[in-house]
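Coordinates as given in data02.pdb (PDB, C-alpha atoms, pLDDT in the B column):
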```pdb
ATOM      1  CA  MET A   6       6.218  -7.531  29.137  1.00 98.00           C
ATOM      2  CA  LYS A   7       6.150  -7.025  25.382  1.00 98.00           C
ATOM      3  CA  ILE A   8       2.719  -6.398  23.826  1.00 98.00           C
ATOM      4  CA  LEU A   9       2.356  -6.389  20.035  1.00 98.00           C
ATOM      5  CA  PHE A  10      -0.609  -4.857  18.222  1.00 98.00           C
ATOM      6  CA  GLN A  11      -1.035  -6.191  14.674  1.00 98.00           C
ATOM      7  CA  GLY A  12      -3.483  -5.544  11.882  1.00 98.00           C
ATOM      8  CA  ASP A  13      -4.530  -3.070   9.222  1.00 98.00           C
ATOM      9  CA  SER A  14      -5.480   0.626   9.223  1.00 98.00           C
ATOM     10  CA  ILE A  15      -7.705   0.213  12.267  1.00 98.00           C
ATOM     11  CA  THR A  16      -4.594  -0.730  14.235  1.00 98.00           C
ATOM     12  CA  ASP A  17      -2.161   1.507  12.311  1.00 98.00           C
ATOM     13  CA  CYS A  18      -4.311   4.624  12.743  1.00 97.00           C
ATOM     14  CA  GLY A  19      -1.685   7.171  11.733  1.00 97.00           C
ATOM     15  CA  ARG A  20       1.236   5.757  13.700  1.00 98.00           C
ATOM     16  CA  ASN A  21       4.772   6.884  12.937  1.00 98.00           C
ATOM     17  CA  ARG A  22       6.183   3.843  11.129  1.00 96.00           C
ATOM     18  CA  GLU A  23       9.740   4.972  11.834  1.00 96.00           C
ATOM     19  CA  ASP A  24       9.106   4.202  15.501  1.00 98.00           C
ATOM     20  CA  TYR A  25       7.169   1.050  16.278  1.00 97.00           C
ATOM     21  CA  HIS A  26       6.651   2.226  19.833  1.00 98.00           C
ATOM     22  CA  ASN A  27       4.475   5.010  18.446  1.00 98.00           C
ATOM     23  CA  LEU A  28       0.962   3.645  18.859  1.00 98.00           C
ATOM     24  CA  GLY A  29      -0.952   5.996  16.555  1.00 98.00           C
ATOM     25  CA  ASN A  30      -4.335   7.449  17.415  1.00 98.00           C
ATOM     26  CA  GLY A  31      -6.520   4.358  17.533  1.00 98.00           C
ATOM     27  CA  TYR A  32      -7.413   1.600  19.959  1.00 98.00           C
ATOM     28  CA  PRO A  33      -3.764   0.544  20.646  1.00 98.00           C
ATOM     29  CA  LYS A  34      -3.082   3.950  22.162  1.00 98.00           C
ATOM     30  CA  TYR A  35      -6.067   3.779  24.484  1.00 98.00           C
ATOM     31  CA  ALA A  36      -5.603   0.090  25.294  1.00 98.00           C
ATOM     32  CA  ALA A  37      -1.965   0.695  26.261  1.00 98.00           C
ATOM     33  CA  GLU A  38      -3.010   3.526  28.559  1.00 98.00           C
ATOM     34  CA  LEU A  39      -5.584   1.297  30.273  1.00 98.00           C
ATOM     35  CA  ILE A  40      -3.175  -1.628  30.633  1.00 98.00           C
ATOM     36  CA  ALA A  41      -0.381   0.528  32.065  1.00 98.00           C
ATOM     37  CA  LYS A  42      -2.808   2.061  34.560  1.00 98.00           C
ATOM     38  CA  ALA A  43      -4.228  -1.307  35.596  1.00 98.00           C
ATOM     39  CA  TYR A  44      -0.810  -2.919  36.098  1.00 97.00           C
ATOM     40  CA  PRO A  45       1.440  -0.190  37.545  1.00 97.00           C
ATOM     41  CA  GLU A  46       3.981  -2.690  38.891  1.00 97.00           C
ATOM     42  CA  THR A  47       4.630  -4.202  35.445  1.00 97.00           C
ATOM     43  CA  GLU A  48       7.027  -2.748  32.902  1.00 98.00           C
ATOM     44  CA  PHE A  49       5.452  -2.881  29.458  1.00 98.00           C
ATOM     45  CA  GLU A  50       6.873  -2.441  25.986  1.00 98.00           C
ATOM     46  CA  PHE A  51       4.037  -1.594  23.597  1.00 98.00           C
ATOM     47  CA  ILE A  52       4.666  -2.155  19.880  1.00 98.00           C
ATOM     48  CA  ASN A  53       2.309  -1.263  17.027  1.00 98.00           C
ATOM     49  CA  LEU A  54       3.036  -2.857  13.641  1.00 98.00           C
ATOM     50  CA  GLY A  55      -0.381  -2.465  12.070  1.00 98.00           C
ATOM     51  CA  ILE A  56      -0.199  -1.357   8.421  1.00 98.00           C
ATOM     52  CA  SER A  57      -3.014   0.410   6.607  1.00 98.00           C
ATOM     53  CA  GLY A  58      -4.474  -1.621   3.753  1.00 98.00           C
ATOM     54  CA  ASN A  59      -3.127  -4.957   4.956  1.00 98.00           C
ATOM     55  CA  GLN A  60      -4.928  -8.208   4.329  1.00 98.00           C
ATOM     56  CA  THR A  61      -4.274 -11.679   5.703  1.00 98.00           C
ATOM     57  CA  LYS A  62      -1.814 -12.338   2.864  1.00 98.00           C
ATOM     58  CA  ASP A  63       0.274  -9.383   4.047  1.00 98.00           C
ATOM     59  CA  LEU A  64       0.499 -10.777   7.562  1.00 98.00           C
ATOM     60  CA  VAL A  65       1.811 -14.022   6.060  1.00 98.00           C
ATOM     61  CA  ASP A  66       4.501 -11.999   4.277  1.00 98.00           C
ATOM     62  CA  ARG A  67       5.381 -10.197   7.513  1.00 98.00           C
ATOM     63  CA  LEU A  68       5.424 -13.249   9.766  1.00 98.00           C
ATOM     64  CA  GLN A  69       9.157 -13.471  10.344  1.00 98.00           C
ATOM     65  CA  ASN A  70      10.078  -9.802  10.749  1.00 98.00           C
ATOM     66  CA  ASP A  71       6.928  -8.481  12.391  1.00 98.00           C
ATOM     67  CA  PHE A  72       5.848 -11.393  14.563  1.00 98.00           C
ATOM     68  CA  ILE A  73       8.476 -14.054  15.169  1.00 98.00           C
ATOM     69  CA  ASP A  74      11.538 -11.804  15.367  1.00 98.00           C
ATOM     70  CA  ILE A  75       9.678  -9.540  17.821  1.00 98.00           C
ATOM     71  CA  GLN A  76       9.035 -12.473  20.218  1.00 98.00           C
ATOM     72  CA  PRO A  77       6.141 -10.761  21.996  1.00 98.00           C
ATOM     73  CA  ASP A  78       4.684 -11.988  25.252  1.00 98.00           C
ATOM     74  CA  PHE A  79       1.212 -10.966  24.110  1.00 98.00           C
ATOM     75  CA  VAL A  80      -0.030 -10.343  20.569  1.00 98.00           C
ATOM     76  CA  SER A  81      -3.374  -9.126  19.295  1.00 98.00           C
ATOM     77  CA  ILE A  82      -4.529  -9.372  15.689  1.00 98.00           C
ATOM     78  CA  HIS A  83      -7.320  -7.417  14.057  1.00 98.00           C
ATOM     79  CA  ILE A  84      -7.392  -8.270  10.357  1.00 98.00           C
ATOM     80  CA  GLY A  85      -9.813  -9.300   7.622  1.00 98.00           C
ATOM     81  CA  VAL A  86     -12.015  -6.425   6.516  1.00 98.00           C
ATOM     82  CA  ASN A  87      -9.672  -5.569   3.629  1.00 98.00           C
ATOM     83  CA  ASP A  88      -9.837  -9.147   2.359  1.00 98.00           C
ATOM     84  CA  THR A  89     -13.457  -8.226   1.627  1.00 98.00           C
ATOM     85  CA  TRP A  90     -13.250  -4.478   0.921  1.00 98.00           C
ATOM     86  CA  HIS A  91     -10.450  -4.632  -1.656  1.00 98.00           C
ATOM     87  CA  ARG A  92     -12.565  -6.922  -3.838  1.00 98.00           C
ATOM     88  CA  ALA A  93     -15.960  -5.400  -3.180  1.00 98.00           C
ATOM     89  CA  ALA A  94     -16.236  -3.060  -6.168  1.00 96.00           C
ATOM     90  CA  GLU A  95     -16.402  -5.969  -8.610  1.00 97.00           C
ATOM     91  CA  ARG A  96     -17.641  -8.552  -6.091  1.00 97.00           C
ATOM     92  CA  ASN A  97     -14.587 -10.605  -7.038  1.00 98.00           C
ATOM     93  CA  TRP A  98     -14.474 -12.156  -3.599  1.00 98.00           C
ATOM     94  CA  LEU A  99     -11.441 -13.966  -2.226  1.00 98.00           C
ATOM     95  CA  GLY A 100     -12.179 -17.645  -1.742  1.00 98.00           C
ATOM     96  CA  ASN A 101     -12.968 -18.528   1.838  1.00 98.00           C
ATOM     97  CA  ASP A 102     -10.555 -21.437   1.611  1.00 98.00           C
ATOM     98  CA  VAL A 103      -7.731 -19.044   0.683  1.00 98.00           C
ATOM     99  CA  PHE A 104      -8.665 -16.643   3.477  1.00 98.00           C
ATOM    100  CA  GLU A 105      -8.695 -19.473   6.002  1.00 98.00           C
ATOM    101  CA  ALA A 106      -5.367 -20.881   4.814  1.00 98.00           C
ATOM    102  CA  GLN A 107      -3.662 -17.487   5.043  1.00 98.00           C
ATOM    103  CA  TYR A 108      -5.036 -16.633   8.464  1.00 98.00           C
ATOM    104  CA  ARG A 109      -4.322 -20.156   9.723  1.00 98.00           C
ATOM    105  CA  LYS A 110      -0.694 -19.822   8.599  1.00 98.00           C
ATOM    106  CA  VAL A 111      -0.280 -16.669  10.669  1.00 98.00           C
ATOM    107  CA  LEU A 112      -1.876 -18.111  13.771  1.00 98.00           C
ATOM    108  CA  SER A 113      -0.104 -21.461  13.630  1.00 98.00           C
ATOM    109  CA  GLU A 114       3.306 -19.801  13.210  1.00 98.00           C
ATOM    110  CA  ILE A 115       2.669 -17.561  16.203  1.00 98.00           C
ATOM    111  CA  LYS A 116       1.753 -20.574  18.308  1.00 97.00           C
ATOM    112  CA  GLU A 117       4.674 -22.670  17.100  1.00 98.00           C
ATOM    113  CA  LYS A 118       7.444 -20.067  17.075  1.00 98.00           C
ATOM    114  CA  THR A 119       6.622 -17.714  19.940  1.00 98.00           C
ATOM    115  CA  ASN A 120       5.364 -18.100  23.496  1.00 98.00           C
ATOM    116  CA  ALA A 121       2.884 -15.281  23.094  1.00 98.00           C
ATOM    117  CA  LYS A 122      -0.623 -15.219  24.445  1.00 98.00           C
ATOM    118  CA  LEU A 123      -2.939 -14.573  21.507  1.00 98.00           C
ATOM    119  CA  LEU A 124      -5.931 -12.244  21.344  1.00 98.00           C
ATOM    120  CA  ILE A 125      -7.958 -12.298  18.120  1.00 98.00           C
ATOM    121  CA  ILE A 126     -10.221  -9.328  17.445  1.00 98.00           C
ATOM    122  CA  GLU A 127     -13.001  -9.948  14.943  1.00 98.00           C
ATOM    123  CA  GLN A 128     -13.271  -7.848  11.792  1.00 98.00           C
ATOM    124  CA  PHE A 129     -16.441  -5.762  11.742  1.00 98.00           C
ATOM    125  CA  LEU A 130     -18.711  -3.594   9.635  1.00 98.00           C
ATOM    126  CA  LEU A 131     -21.132  -1.066  11.043  1.00 98.00           C
ATOM    127  CA  PRO A 132     -24.570  -0.626   9.437  1.00 96.00           C
ATOM    128  CA  VAL A 133     -23.844   1.887   6.653  1.00 97.00           C
ATOM    129  CA  ASP A 134     -25.805   1.839   3.410  1.00 96.00           C
ATOM    130  CA  ASP A 135     -22.913   2.162   0.957  1.00 97.00           C
ATOM    131  CA  LYS A 136     -21.166  -0.950   2.295  1.00 98.00           C
ATOM    132  CA  ALA A 137     -24.128  -3.137   3.216  1.00 97.00           C
ATOM    133  CA  TYR A 138     -23.388  -5.442   0.280  1.00 98.00           C
ATOM    134  CA  PHE A 139     -20.005  -6.313   1.838  1.00 98.00           C
ATOM    135  CA  ARG A 140     -22.007  -8.740   3.972  1.00 98.00           C
ATOM    136  CA  GLU A 141     -22.240 -11.075   0.970  1.00 98.00           C
ATOM    137  CA  ASP A 142     -18.610 -11.948   1.639  1.00 98.00           C
ATOM    138  CA  LEU A 143     -17.819 -10.621   5.095  1.00 98.00           C
ATOM    139  CA  ASN A 144     -20.188 -12.825   7.064  1.00 98.00           C
ATOM    140  CA  GLY A 145     -18.563 -16.013   5.811  1.00 98.00           C
ATOM    141  CA  LYS A 146     -15.115 -14.729   6.632  1.00 98.00           C
ATOM    142  CA  ILE A 147     -16.212 -13.717  10.121  1.00 98.00           C
ATOM    143  CA  ASP A 148     -17.432 -17.282  10.591  1.00 98.00           C
ATOM    144  CA  ILE A 149     -13.960 -18.504   9.582  1.00 98.00           C
ATOM    145  CA  THR A 150     -12.314 -16.060  11.989  1.00 98.00           C
ATOM    146  CA  ARG A 151     -14.497 -17.429  14.781  1.00 98.00           C
ATOM    147  CA  LYS A 152     -13.586 -20.996  13.833  1.00 98.00           C
ATOM    148  CA  LEU A 153      -9.872 -20.167  13.908  1.00 98.00           C
ATOM    149  CA  ALA A 154     -10.258 -18.362  17.224  1.00 98.00           C
ATOM    150  CA  ARG A 155     -11.695 -21.497  18.803  1.00 98.00           C
ATOM    151  CA  GLU A 156      -8.604 -23.334  17.667  1.00 98.00           C
ATOM    152  CA  PHE A 157      -5.847 -20.810  18.337  1.00 98.00           C
ATOM    153  CA  ALA A 158      -6.904 -17.854  20.496  1.00 98.00           C
ATOM    154  CA  ASP A 159      -6.444 -17.425  24.210  1.00 98.00           C
ATOM    155  CA  TYR A 160      -9.326 -14.957  24.024  1.00 98.00           C
ATOM    156  CA  TYR A 161     -11.627 -13.669  21.292  1.00 98.00           C
ATOM    157  CA  ILE A 162     -13.412 -10.349  20.931  1.00 98.00           C
ATOM    158  CA  PRO A 163     -16.517 -10.842  18.720  1.00 98.00           C
ATOM    159  CA  LEU A 164     -16.341  -7.238  17.609  1.00 98.00           C
ATOM    160  CA  ASP A 165     -18.818  -7.389  14.730  1.00 98.00           C
ATOM    161  CA  GLY A 166     -21.579  -8.456  17.070  1.00 98.00           C
ATOM    162  CA  LEU A 167     -20.538  -6.082  19.834  1.00 98.00           C
ATOM    163  CA  MET A 168     -20.413  -3.162  17.415  1.00 98.00           C
ATOM    164  CA  ALA A 169     -23.869  -4.090  16.136  1.00 97.00           C
ATOM    165  CA  GLN A 170     -25.097  -4.043  19.709  1.00 98.00           C
ATOM    166  CA  ALA A 171     -23.446  -0.659  20.276  1.00 98.00           C
ATOM    167  CA  CYS A 172     -25.354   0.758  17.294  1.00 97.00           C
ATOM    168  CA  VAL A 173     -28.656   0.113  19.050  1.00 97.00           C
ATOM    169  CA  GLY A 174     -29.336   3.480  20.630  1.00 92.00           C
ATOM    170  CA  ASN A 175     -26.357   5.104  18.896  1.00 94.00           C
ATOM    171  CA  ASP A 176     -26.136   5.842  15.193  1.00 95.00           C
ATOM    172  CA  SER A 177     -23.155   4.154  13.531  1.00 97.00           C
ATOM    173  CA  ALA A 178     -21.664   7.611  12.944  1.00 97.00           C
ATOM    174  CA  HIS A 179     -21.139   7.852  16.714  1.00 98.00           C
ATOM    175  CA  TRP A 180     -18.484   5.151  16.333  1.00 98.00           C
ATOM    176  CA  SER A 181     -17.185   5.579  12.775  1.00 98.00           C
ATOM    177  CA  ASP A 182     -17.532   7.952   9.848  1.00 96.00           C
ATOM    178  CA  ASP A 183     -17.431   5.220   7.202  1.00 98.00           C
ATOM    179  CA  GLY A 184     -18.575   2.081   9.002  1.00 98.00           C
ATOM    180  CA  VAL A 185     -15.065   0.587   9.079  1.00 98.00           C
ATOM    181  CA  HIS A 186     -12.585   3.016  10.627  1.00 98.00           C
ATOM    182  CA  PRO A 187     -13.361   3.880  14.250  1.00 98.00           C
ATOM    183  CA  ASN A 188     -13.342   7.479  15.407  1.00 98.00           C
ATOM    184  CA  GLU A 189     -12.209   8.252  18.953  1.00 98.00           C
ATOM    185  CA  ASN A 190     -15.462   6.899  20.402  1.00 98.00           C
ATOM    186  CA  GLY A 191     -15.021   3.673  18.471  1.00 98.00           C
ATOM    187  CA  ALA A 192     -11.348   3.376  19.360  1.00 98.00           C
ATOM    188  CA  ARG A 193     -12.071   3.809  23.057  1.00 98.00           C
ATOM    189  CA  PHE A 194     -14.885   1.254  22.795  1.00 98.00           C
ATOM    190  CA  ILE A 195     -12.444  -1.308  21.383  1.00 98.00           C
ATOM    191  CA  ALA A 196      -9.827  -0.389  23.987  1.00 98.00           C
ATOM    192  CA  ASP A 197     -12.307  -1.096  26.799  1.00 98.00           C
ATOM    193  CA  LEU A 198     -12.914  -4.543  25.335  1.00 98.00           C
ATOM    194  CA  TYR A 199      -9.165  -5.017  24.958  1.00 98.00           C
ATOM    195  CA  ILE A 200      -8.303  -4.347  28.596  1.00 98.00           C
ATOM    196  CA  ASP A 201     -11.090  -6.708  29.673  1.00 98.00           C
ATOM    197  CA  ALA A 202      -9.686  -9.426  27.391  1.00 98.00           C
ATOM    198  CA  PHE A 203      -6.120  -8.777  28.550  1.00 98.00           C
ATOM    199  CA  THR A 204      -7.138  -9.064  32.195  1.00 98.00           C
ATOM    200  CA  LYS A 205      -8.912 -12.357  31.610  1.00 97.00           C
ATOM    201  CA  ILE A 206      -5.980 -13.834  29.688  1.00 97.00           C
ATOM    202  CA  MET A 207      -3.450 -12.809  32.309  1.00 92.00           C
ATOM    203  CA  LYS A 208      -5.337 -14.222  35.304  1.00 89.00           C
TER     204      LYS A 208
END
```
Step by step, read the file and then write its structure as structure tokens.
Amino acid sequence: MKILFQGDSITDCGRNREDYHNLGNGYPKYAAELIAKAYPETEFEFINLGISGNQTKDLVDRLQNDFIDIQPDFVSIHIGVNDTWHRAAERNWLGNDVFEAQYRKVLSEIKEKTNAKLLIIEQFLLPVDDKAYFREDLNGKIDITRKLAREFADYYIPLDGLMAQACVGNDSAHWSDDGVHPNENGARFIADLYIDAFTKIMK
């Protein structure tokens, strides 16, 4: 079974891009370990093609080579925070209609041109003071991600809300140094959600 992890730096997480079987040091690594342990009779091929800095437009550009040509059995996508972050300094926000069109293109092509089960993981922001103003744009784009998930996903992880919940009783620094990039605690937290989602999809 071929499992493809896709996204930005949160998925990339220092992987060796010369070897797409190298999963990096983030949630794909820990999710793959949990999946392999839970399904010892299944032979898995784990592929990580997350690229640091990517936005939805970059996934559109990579659709053929990094989605369709791979022909995964299962694909997860965690994308979207850079669509906000890369425009935050000047508050020159990307139009929500453009964001939706780009993300929709990716999801529709996956559904039309592969037989993959699709897991969408919501973009998130932890409560950190220096990025609180990202919410001006991020919340609307999370709403769009949720809308698209209802249309395309086999399962959805509402990670922004779950991370907010996890910060009750734990400072955000327990999960991430900058509110966006998970540390090991954060990566393992996402991996636990991932294996739960995978199990539910595969039943």
* To do: Specify as JSON, numbers by chain each residue included when the PyMOL selection byres ((chain A and resi 107) around 12) is applied to this file.
  => {"A": [60, 61, 62, 63, 64, 65, 66, 67, 68, 84, 85, 88, 99, 100, 101, 102, 103, 104, 105, 106, 108, 109, 110, 111, 112, 113, 114, 146, 149, 150, 153]}
* Give me the result of the PyMOL selection byres ((chain A and resi 75-81) around 6) on this file, residue by residue, as a ChimeraX atom specification. => /A:7-11,72-74,82,119,121-125
* Structure fact -> CA of Gln69 in chain A to CA of Lys205 in chain A measures 27.9 Å
* If you apply the PyMOL selection byres ((chain A and resi 92-95) around 10) to this file, what residues do you get, as a list of chain:residue names? -> A:Asn87, A:Asp88, A:Thr89, A:Trp90, A:His91, A:Arg96, A:Asn97, A:Trp98, A:Leu99, A:Lys136, A:Tyr138, A:Phe139, A:Arg140, A:Glu141, A:Asp142, A:Leu143
Produce the centre coordinates and the three edge lengths, each in Å to one decimal, of the box along x, y and z that contains all listed atoms of range 53-63 of chain A with 8 Å added on each side, as AutoDock Vina command-line options.
```
--center_x -0.9 --center_y -6.0 --center_z 9.9 --size_x 24.0 --size_y 28.7 --size_z 30.2
```
* Asked: Using only C-alpha atoms, which of the listed residues (A:Tyr161, A:Ala171, A:Phe129, A:Met6) sits closest to Ile40 in chain A?
  -> A:Met6
* Given only C-alpha atoms as the counted atoms, nearest of A:Asp183, A:Glu127, A:His26, A:Asn59 to Lys152 in chain A ->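 Using only C-alpha atoms, the shortest distance to Lys152 in chain A belongs to A:Glu127.
Among the candidates A:Asn53, A:Ile147, A:Pro163, A:Asp134, the residue lying nearest to Thr16 in chain A is A:Asn53 (atoms considered: only C-alpha atoms).
Among the candidates A:Ile162, A:Ala37, A:Met168, A:Ala154, the one nearest to Pro132 in chain A when counting only C-alpha atoms is A:Met168.
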* **Nearest to Asn190 in chain A, chosen from A:Asn70, A:Ile126, A:Tyr160, A:Gly31, with all atoms listed in the file counted in the distances** =>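 Distance minimum relative to Asn190 in chain A lands on A:Gly31.
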* Taking all atoms listed in the file into account, which of A:Leu131, A:Tyr35, A:Ala202, A:Ala43 comes nearest Asn175 in chain A? ->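 Nearest candidate to Asn175 in chain A out of A:Leu131, A:Tyr35, A:Ala202, A:Ala43: A:Leu131.
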* To do: For CA of Asn188 in chain A and CA of Asn30 in chain A, quote the distance in Å rounded to one decimal.
  =>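 Separation of CA of Asn188 in chain A and CA of Asn30 in chain A: 9.2 Å.
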* Near-Arg20 in chain A list (7 Å; only C-alpha atoms; drop same-chain fewer than 6 positions) as a ChimeraX atom specification -> /A:27-30
* One decimal, Å: what's the distance from CA of Cys18 in chain A over to CA of Asn144 in chain A, could you say? =>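 Spanning CA of Cys18 in chain A to CA of Asn144 in chain A is a straight-line distance of 24.3 Å.
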